[in-house]
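**Q** Submitted below is the structure of interest, expressed as structure tokens.
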Amino acid sequence: MKDLVQYLKEQIENLPLIYNVSKYHTKSTQLGQFFGAAWEYIDPIFQLLIYYFVFIVMFKRKVAGMPPAPWMFIGLGIWFFYSISITRASAAVQSSLALFSQVKFPISVLPTIEMFKRFNAFFWMIGLGIIIALKDGYYPTLYYFQLIYYFVALILLVLGFSLLFSTIVVVFRDFSHIIDYIFRFLLYVSGAAIDLILLDAIPGFLRQALLADPFIYVMEGFRDAIFHRAWFWEKPGYALIFWCFTLGLLIVASHLHMKLRNQFMDYV
């Protein structure tokens with residue numbers, strides 16, 4: 001727990017640095033591009049349109065009791081933020097360690113910087129989903145307030161996985177490829193693009209078990225808020241599983257990072 005407190009303290013104390021570095025990196029990647037910053041918004045739109053065409057137009061996937069387009073857009077927005085943040089953050093320490101080793105800020109902020117770089121695309125994709133939901137008659141209600149709760153939950157989950165994986169990749173570089181393959185597969189059983197309740201290829205008991213997945217808990221929570229389905233306290237069992245898992249993940253990740261980070265240069 002001591003290592004977790006130190007890790008969280010480092011993130012909070014360096015928030016201005018994290019924000020400024022992530023903003024600088026984002027701008028530097030846009031240099032020389034004709035559309036520049038517009039790609040932050042164009043790219044998510046095209047990704048959503050491709051998945052919409054494949055899953056809803058071609059395969060005619062249905063969703064239980066909700067309009068499929070905004071349901072999928074919200075799920076994919078959260079999925080892309082979750083998966084891309086973690087996969088990019090997993091390589092952040094290993095790829096930047098030699099460059100930043102002489103700078104006076106903790107190495108633990110490197111994965112967090114990668115997460116911050118995904119915020120614009122995340123809010124844009126979720127915003128598109130909400131706009132389409134409004135068109136289908138799902139107007140903002142008090143349920144929207146719990147989006148704050150689920151957003152905090154998503155951030156902590158991403159931070160935990162990012163810190164753990166970035167530490168492992170420094171020691172075992174091949175792990176970055178394993179992470180990439182895992183996330184490619186998980187997209188199809190994450191519930192982001194396909195309603196697990198209607199997915200007959202997965203046995204019923206397994207579909208129910210998947211609902212306890214920490215990521216699915218957060219994603220379904222966003223949908224609960226936007227489509228007025230339930231309050232977060234109405235799912236105490238899933239909430240307990242999520243917070244126990246996330247807290248345990250953060251404790252293990254921060255302990256492993258603090259234990260090994262003085263030896264990171266030996267692996268570069």
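Residues are referred to by chain and number: the chain letter is A, B, ... according to the order shown in the structure tokens, the number counts from 1 in that chain, and ligands are numbered separately from 1 in the order shown.
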If DSSP is run on the backbone, what residues of range 57-263 of chain A are alpha helix (DSSP H)? A reply as number ranges by chain would be ideal.
**A** A: 68-90, 92-100, 109-116, 119-135, 146-171, 175-186, 204-210, 214-226, 236-260
**Q** Compile the contact shell of range 72-74 of chain A as a ChimeraX atom specification: residues with an atom at most 6 Å away, counting only C-alpha atoms, same-chain residues fewer than 2 positions apart removed.
**A** /A:68-70,76-77,126,129,193
**Q** Output all heavy atoms for every residue in the selection just made, as a CSV table (one decimal), in the first residue's frame.
**A**
chain,number,residue,atom,x,y,z
A,68,PRO,N,-28.9,0.3,-31.8
A,68,PRO,CA,-27.6,-0.3,-32.0
A,68,PRO,C,-26.5,0.7,-32.3
A,68,PRO,O,-25.4,0.5,-31.8
A,68,PRO,CB,-27.8,-1.2,-33.1
A,68,PRO,CG,-29.0,-0.7,-33.9
A,68,PRO,CD,-29.9,-0.1,-32.9
A,69,ALA,N,-26.8,1.8,-33.0
A,69,ALA,CA,-25.7,2.7,-33.4
A,69,ALA,C,-25.1,3.4,-32.2
A,69,ALA,O,-23.8,3.3,-32.0
A,69,ALA,CB,-26.2,3.7,-34.5
A,70,PRO,N,-25.8,4.2,-31.4
A,70,PRO,CA,-25.2,4.9,-30.3
A,70,PRO,C,-24.7,3.9,-29.2
A,70,PRO,O,-23.7,4.1,-28.6
A,70,PRO,CB,-26.3,5.7,-29.7
A,70,PRO,CG,-27.6,5.1,-30.2
A,70,PRO,CD,-27.3,4.5,-31.5
A,76,LEU,N,-17.4,1.3,-28.3
A,76,LEU,CA,-16.2,1.4,-29.1
A,76,LEU,C,-15.3,2.5,-28.6
A,76,LEU,O,-14.1,2.4,-28.6
A,76,LEU,CB,-16.4,1.5,-30.6
A,76,LEU,CG,-16.9,0.2,-31.2
A,76,LEU,CD1,-17.3,0.4,-32.7
A,76,LEU,CD2,-15.9,-1.0,-31.1
A,77,GLY,N,-15.9,3.7,-28.3
A,77,GLY,CA,-15.2,4.8,-27.8
A,77,GLY,C,-14.4,4.4,-26.5
A,77,GLY,O,-13.2,4.8,-26.3
A,126,ILE,N,-17.2,9.4,-27.5
A,126,ILE,CA,-18.4,9.3,-26.6
A,126,ILE,C,-19.4,10.4,-26.9
A,126,ILE,O,-20.6,10.2,-26.9
A,126,ILE,CB,-17.9,9.4,-25.1
A,126,ILE,CG1,-17.0,8.3,-24.7
A,126,ILE,CG2,-19.1,9.5,-24.2
A,126,ILE,CD1,-17.6,6.9,-24.8
A,129,GLY,N,-21.5,9.3,-29.7
A,129,GLY,CA,-22.5,8.4,-29.3
A,129,GLY,C,-23.7,9.0,-28.6
A,129,GLY,O,-24.9,8.7,-28.8
A,193,ALA,N,-18.7,-4.0,-29.4
A,193,ALA,CA,-19.3,-4.0,-30.7
A,193,ALA,C,-20.5,-5.0,-30.9
A,193,ALA,O,-21.3,-4.9,-31.7
A,193,ALA,CB,-18.3,-4.2,-31.8
**Q** Using only C-alpha atoms, which residue out of A:Val152, A:Ala209, A:Ile42, A:Ile78 lies closest to Ala192 in chain A?
**A**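 Using only C-alpha atoms, the shortest distance to Ala192 in chain A belongs to A:Ile78.
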**Q** Which of these, A:Ile86, A:Met258, A:Leu247, A:Ile56, has the shortest distance to Ile182 in chain A once you count only C-alpha atoms?
**A**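 Among A:Ile86, A:Met258, A:Leu247, A:Ile56, it is A:Ile86 that comes nearest to Ile182 in chain A.
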**Q** Choose the residue, out of A:Ala133, A:Val109, A:Cys244, A:Leu211, that has the smallest atom-to-atom separation from Leu159 in chain A; count only C-alpha atoms.
**A**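 Comparing A:Ala133, A:Val109, A:Cys244, A:Leu211 against Leu159 in chain A, the winner is A:Val109.
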**Q** Quick one: residues within 10 Å of Ile18 in chain A, only C-alpha atoms counted, chain neighbours fewer than 2 positions away excluded, as a compact mmCIF listing (two decimals) with N, CA and C atoms, in the first residue's frame?
**A**
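Generated output (part_26.txt):
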# COMPACT_ATOMS: atom_id res chain seq x y z
N GLN A 11 1.76 10.93 -9.52
CA GLN A 11 0.87 11.32 -10.63
C GLN A 11 0.23 12.67 -10.35
N ILE A 12 -0.24 12.87 -9.13
CA ILE A 12 -0.94 14.12 -8.78
C ILE A 12 0.03 15.30 -8.81
N GLU A 13 1.22 15.11 -8.25
CA GLU A 13 2.19 16.21 -8.20
C GLU A 13 2.69 16.60 -9.58
N ASN A 14 2.67 15.67 -10.51
CA ASN A 14 3.20 15.93 -11.85
C ASN A 14 2.12 16.09 -12.91
N LEU A 15 0.88 16.34 -12.50
CA LEU A 15 -0.21 16.50 -13.46
C LEU A 15 0.06 17.59 -14.50
N PRO A 16 0.54 18.78 -14.10
CA PRO A 16 0.85 19.79 -15.14
C PRO A 16 1.88 19.29 -16.15
N ASN A 20 1.24 18.77 -20.17
CA ASN A 20 2.04 19.54 -21.13
C ASN A 20 2.83 18.62 -22.06
N VAL A 21 3.41 17.55 -21.53
CA VAL A 21 4.18 16.64 -22.36
C VAL A 21 3.26 15.91 -23.34
N SER A 22 2.10 15.47 -22.86
CA SER A 22 1.16 14.77 -23.75
C SER A 22 0.68 15.71 -24.86
N LYS A 23 0.45 16.97 -24.51
CA LYS A 23 0.01 17.95 -25.51
C LYS A 23 1.12 18.21 -26.52
N TYR A 24 2.36 18.30 -26.05
CA TYR A 24 3.49 18.52 -26.95
C TYR A 24 3.68 17.34 -27.89
N VAL A 109 5.36 8.38 -14.54
CA VAL A 109 4.42 9.25 -15.26
C VAL A 109 4.41 8.95 -16.76
N LEU A 110 5.38 8.19 -17.27
CA LEU A 110 5.44 7.92 -18.71
C LEU A 110 4.20 7.19 -19.22
N PRO A 111 3.74 6.11 -18.56
CA PRO A 111 2.49 5.48 -19.03
C PRO A 111 1.29 6.40 -18.91
N THR A 112 1.27 7.26 -17.89
CA THR A 112 0.16 8.18 -17.71
C THR A 112 0.11 9.21 -18.84
N ILE A 113 1.26 9.63 -19.31
CA ILE A 113 1.31 10.56 -20.45
C ILE A 113 0.64 9.94 -21.67
N GLU A 114 0.89 8.65 -21.91
CA GLU A 114 0.26 7.97 -23.05
C GLU A 114 -1.25 7.95 -22.91
N MET A 115 -1.74 7.77 -21.69
CA MET A 115 -3.19 7.78 -21.46
C MET A 115 -3.77 9.16 -21.75
N PHE A 116 -3.08 10.21 -21.31
CA PHE A 116 -3.57 11.56 -21.52
C PHE A 116 -3.68 11.90 -23.01
N LYS A 117 -2.81 11.32 -23.82
CA LYS A 117 -2.82 11.60 -25.25
C LYS A 117 -4.07 11.06 -25.93
**Q** Write out as an MDAnalysis selection string which residues come within 12 Å of Lys259 in chain A when counting only C-alpha atoms, dropping same-chain ones fewer than 4 positions away.
**A** chainID A and resid 2:4 7 164 167:168 252:255 263:264
**Q** CA of Asp180 in chain A and CA of Ile251 in chain A, how far apart in Å?
**A**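 CA of Asp180 in chain A lies at a distance of 23.8 Å from CA of Ile251 in chain A.
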**Q** What lies within 12 Å of Met125 in chain A using only C-alpha atoms, ignoring chain neighbours under 4 positions off, as number ranges by chain?
**A** A: 40-49, 70-81, 118-121, 129-132
**Q** Could those selected residues go to a file with N, CA, C and O atoms, as a short mmCIF file (atom, residue, chain, number, x, y, z; two decimals), in the first residue's frame?
**A**
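The result, written out as selection13.cif:
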data_model
loop_
_atom_site.label_atom_id
_atom_site.label_comp_id
_atom_site.auth_asym_id
_atom_site.auth_seq_id
_atom_site.Cartn_x
_atom_site.Cartn_y
_atom_site.Cartn_z
N GLU A 40 -7.42 14.08 -35.25
CA GLU A 40 -7.88 13.58 -33.96
C GLU A 40 -9.38 13.30 -33.98
O GLU A 40 -9.87 12.49 -33.20
N TYR A 41 -10.10 13.99 -34.85
CA TYR A 41 -11.55 13.84 -34.93
C TYR A 41 -11.98 13.04 -36.16
O TYR A 41 -12.98 12.33 -36.12
N ILE A 42 -11.20 13.18 -37.23
CA ILE A 42 -11.53 12.45 -38.45
C ILE A 42 -11.33 10.95 -38.26
O ILE A 42 -12.18 10.13 -38.65
N ASP A 43 -10.19 10.57 -37.67
CA ASP A 43 -9.87 9.15 -37.50
C ASP A 43 -10.91 8.39 -36.68
O ASP A 43 -11.37 7.32 -37.09
N PRO A 44 -11.34 8.91 -35.50
CA PRO A 44 -12.39 8.19 -34.75
C PRO A 44 -13.69 8.03 -35.53
O PRO A 44 -14.34 6.99 -35.44
N ILE A 45 -14.06 9.06 -36.30
CA ILE A 45 -15.29 8.97 -37.07
C ILE A 45 -15.23 7.83 -38.08
O ILE A 45 -16.15 7.02 -38.21
N PHE A 46 -14.11 7.74 -38.80
CA PHE A 46 -13.97 6.68 -39.80
C PHE A 46 -13.93 5.30 -39.15
O PHE A 46 -14.49 4.33 -39.69
N GLN A 47 -13.28 5.20 -38.00
CA GLN A 47 -13.26 3.91 -37.31
C GLN A 47 -14.67 3.48 -36.92
O GLN A 47 -15.06 2.32 -37.10
N LEU A 48 -15.43 4.42 -36.37
CA LEU A 48 -16.80 4.10 -35.97
C LEU A 48 -17.65 3.72 -37.18
O LEU A 48 -18.46 2.79 -37.10
N LEU A 49 -17.49 4.44 -38.28
CA LEU A 49 -18.26 4.14 -39.48
C LEU A 49 -17.94 2.76 -40.03
O LEU A 49 -18.83 2.03 -40.50
N PRO A 70 -25.83 4.19 -31.41
CA PRO A 70 -25.20 4.86 -30.27
C PRO A 70 -24.67 3.88 -29.23
O PRO A 70 -23.66 4.14 -28.58
N TRP A 71 -25.36 2.74 -29.07
CA TRP A 71 -24.89 1.70 -28.14
C TRP A 71 -23.48 1.26 -28.54
O TRP A 71 -22.58 1.15 -27.69
N MET A 72 -23.25 1.01 -29.84
CA MET A 72 -21.95 0.55 -30.30
C MET A 72 -20.92 1.67 -30.26
O MET A 72 -19.76 1.45 -29.90
N PHE A 73 -21.30 2.89 -30.64
CA PHE A 73 -20.36 4.01 -30.66
C PHE A 73 -19.80 4.27 -29.26
O PHE A 73 -18.60 4.51 -29.11
N ILE A 74 -20.66 4.22 -28.26
CA ILE A 74 -20.21 4.45 -26.88
C ILE A 74 -19.28 3.32 -26.43
O ILE A 74 -18.22 3.56 -25.84
N GLY A 75 -19.65 2.09 -26.74
CA GLY A 75 -18.82 0.96 -26.37
C GLY A 75 -17.46 1.00 -27.03
O GLY A 75 -16.42 0.76 -26.39
N LEU A 76 -17.42 1.31 -28.33
CA LEU A 76 -16.16 1.36 -29.06
C LEU A 76 -15.30 2.54 -28.61
O LEU A 76 -14.07 2.44 -28.57
N GLY A 77 -15.94 3.65 -28.27
CA GLY A 77 -15.18 4.79 -27.76
C GLY A 77 -14.42 4.44 -26.50
O GLY A 77 -13.24 4.77 -26.34
N ILE A 78 -15.08 3.74 -25.59
CA ILE A 78 -14.44 3.31 -24.35
C ILE A 78 -13.41 2.23 -24.63
O ILE A 78 -12.31 2.23 -24.05
N TRP A 79 -13.72 1.31 -25.54
CA TRP A 79 -12.79 0.23 -25.86
C TRP A 79 -11.49 0.74 -26.46
O TRP A 79 -10.40 0.34 -26.07
N PHE A 80 -11.59 1.68 -27.42
CA PHE A 80 -10.38 2.21 -28.05
C PHE A 80 -9.53 2.97 -27.05
O PHE A 80 -8.30 2.87 -27.07
N PHE A 81 -10.17 3.73 -26.18
CA PHE A 81 -9.41 4.45 -25.15
C PHE A 81 -8.69 3.45 -24.24
O PHE A 81 -7.50 3.60 -23.94
N ARG A 118 -4.81 10.16 -25.25
CA ARG A 118 -6.01 9.56 -25.85
C ARG A 118 -7.31 10.25 -25.43
O ARG A 118 -8.38 9.89 -25.89
N PHE A 119 -7.22 11.26 -24.56
CA PHE A 119 -8.43 11.88 -24.02
C PHE A 119 -9.27 12.56 -25.10
O PHE A 119 -10.50 12.45 -25.09
N ASN A 120 -8.65 13.29 -26.02
CA ASN A 120 -9.42 14.01 -27.04
C ASN A 120 -10.27 13.06 -27.88
O ASN A 120 -11.46 13.30 -28.10
N ALA A 121 -9.64 11.97 -28.35
CA ALA A 121 -10.38 11.00 -29.16
C ALA A 121 -11.48 10.33 -28.33
O ALA A 121 -12.58 10.08 -28.84
N GLY A 129 -21.54 9.32 -29.73
CA GLY A 129 -22.54 8.35 -29.27
C GLY A 129 -23.70 9.02 -28.56
O GLY A 129 -24.87 8.66 -28.77
N ILE A 130 -23.40 10.02 -27.73
CA ILE A 130 -24.44 10.74 -27.00
C ILE A 130 -25.33 11.54 -27.95
O ILE A 130 -26.56 11.57 -27.80
N ILE A 131 -24.72 12.17 -28.95
CA ILE A 131 -25.50 12.95 -29.93
C ILE A 131 -26.48 12.05 -30.68
O ILE A 131 -27.65 12.40 -30.87
N ILE A 132 -26.01 10.87 -31.08
CA ILE A 132 -26.90 9.94 -31.79
C ILE A 132 -27.98 9.42 -30.85
O ILE A 132 -29.14 9.22 -31.25
#
**Q** Sorted by chain and rising residue number, list the residues of range 175-260 of chain A at most 12 Å from range 138-141 of chain A (counting only C-alpha atoms), each with its closest atom pair and distance in Å to one decimal, as JSON lines.
**A**
{"residue": "A:Arg223", "atom": "CA", "partner": "A:Tyr138", "partner_atom": "CA", "distance": 11.0}
{"residue": "A:Asp224", "atom": "CA", "partner": "A:Tyr138", "partner_atom": "CA", "distance": 11.3}
{"residue": "A:Ala225", "atom": "CA", "partner": "A:Thr141", "partner_atom": "CA", "distance": 8.4}
{"residue": "A:Ile226", "atom": "CA", "partner": "A:Pro140", "partner_atom": "CA", "distance": 7.1}
{"residue": "A:Phe227", "atom": "CA", "partner": "A:Tyr138", "partner_atom": "CA", "distance": 6.1}
{"residue": "A:His228", "atom": "CA", "partner": "A:Thr141", "partner_atom": "CA", "distance": 7.5}
{"residue": "A:Arg229", "atom": "CA", "partner": "A:Tyr138", "partner_atom": "CA", "distance": 10.8}
{"residue": "A:Ala230", "atom": "CA", "partner": "A:Thr141", "partner_atom": "CA", "distance": 11.8}
{"residue": "A:Trp231", "atom": "CA", "partner": "A:Thr141", "partner_atom": "CA", "distance": 11.7}
**Q** Could you check the closest approach to Gln208 in chain A for each of A:Phe245, A:Val169, A:Gly191, A:Phe222 and tell me which residue wins, using only C-alpha atoms?
**A** A:Gly191
**Q** Give me, please, the distance in Å between CA of Ile216 in chain A and CA of Ala89 in chain A, quoted to one decimal.
**A**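 Atom-to-atom, CA of Ile216 in chain A to CA of Ala89 in chain A, that is 20.5 Å.
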**Q** What gap, in Å, lies between CA of Arg184 in chain A and CA of Tyr150 in chain A?
**A**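 Computed distance, CA of Arg184 in chain A to CA of Tyr150 in chain A, equals 23.7 Å.
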**Q** Taking into account only C-alpha atoms, which residue in the set A:Trp124, A:Phe215, A:Phe55, A:Phe232 is nearest to Tyr143 in chain A?
**A**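 Smallest separation from Tyr143 in chain A among the options: A:Phe232.
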